[in-house]
Amino acid sequence: MSSFPFPISERRSAAWFCGAGAVTGVGSLPFVDPARAIDFVARRAPEVPFWPQLRRLSPREAMIPQALGPAFKHVVAVRGEYAFHVPADRVDRFVTSLAREDARLETTNAAGFYAFIDAFGRGAFPHARAAKGQTMGPVTASCALETDGGPLVENAELRGVLADHVVRMANWQADALLRVAPSAVLVLDEAYLAVALRTRPALRAVLVDLLRSVVLRVRRPSLLVGLHCCDELPFAVVNEIAPDMLSFDAHHGGAAFGADAEARRFVADGGHVAWGWVPTRDDLSSVDAAAVADRWWCVARRMSEAGEGIDADRIFCRSLVTATCGLAGSSEATCERSFELAHEISRQFGERVEQQS
């Protein structure tokens, strides 16, 4: 359980933001040209535009190398872009590099970020209510890295060094986004969090505290700190971490969210939700926007009927709509269709909310 003595509602500071079902992206897109990616974002996510991670442009744009920055030269890939080893003779240099105060994204590993910041400054997103960014979370980072002594997630000292680095990277990115946008959403990508909790139950409290501490050290006025996990994550854990926003796979888990008391508590206490209603797959021909909007409405109705002060208006105001995960592995045509579906789902749900108001 949380070691913080005050309730979640007093820690969360995100009531100022109204997503109103705006469509945004989880992060990655299938483009290799940053300019084309920015044009896509401007067309498809005008209200909450996001900077695109372009993994097809360069291997360094993948999650781990992008987040590690200069420290990445001290690791060796052991499973593609998903797992890396720090050899014994490089650990000290790896730690020293992580501890640098000037943690930042580079043009060589985040071309989409710099194109996004430049486009925002030139007025490419005139209807934006917030700019969205994303960075790797501390648990996923520590699970993806190992030394000769084992995974970093099991080494308290290295785990802490990595978390400090994540905080510096997140705060640097938040500074950059808030220089060009009126407000920002910064999501910690925790792809491995659910797996870590299932496979290392003895570390549960440690990992929850680690992630919660990062959220608290990054949170500030005009910035929502989100948590993305496309795996099945206990909603009680989300409340212990207390992010401002939860980004999750609603395609598979939307009904469970509406039925779960801890999930309803998250919304009742001020949390926002990025609903991943559009599945991340090549063939979207079977996805019916009206049917998905019906499912969302059933979730909203169940949450409202629970009698915890949640109604459809509040749910819609505190919602964004996304795909279930990043789209780097999709075709450009599938990517276009994914965002079309997201807009249609949001429109139809919004119409239902308006009709019942």
# chains A, B, ... in the order shown; residues from 1 in each chain; ligands from 1
>>> residues_around(residues="A:Gly133", least_positions_apart="4", cutoff="8 Å", atoms="only C-alpha atoms", output="number ranges by chain")
A: 27, 50-51, 173-174, 177, 184-187
>>> select_by_dssp(residues="stretch 54-167 of chain A", states="strand (DSSP E)", output="ChimeraX atom specification")
/A:76-79,83-86,131-136,145-147,150-151
>>> closest_residue(among="A:Glu146, A:Asp209, A:Asp175, A:Asp294", to="A:Ser346", atoms="only C-alpha atoms")
A:Asp294
>>> select_by_dssp(residues="stretch 109-297 of chain A", states="alpha helix (DSSP H)", output="MDAnalysis selection string")
chainID A and resid 111:121 138:144 156:180 193:199 204:218 235:241 250:259 261:268 289:297
>>> closest_residue(among="A:Leu224, A:Val76, A:Ala242, A:Val287", to="A:Thr147", atoms="only C-alpha atoms")
A:Val76
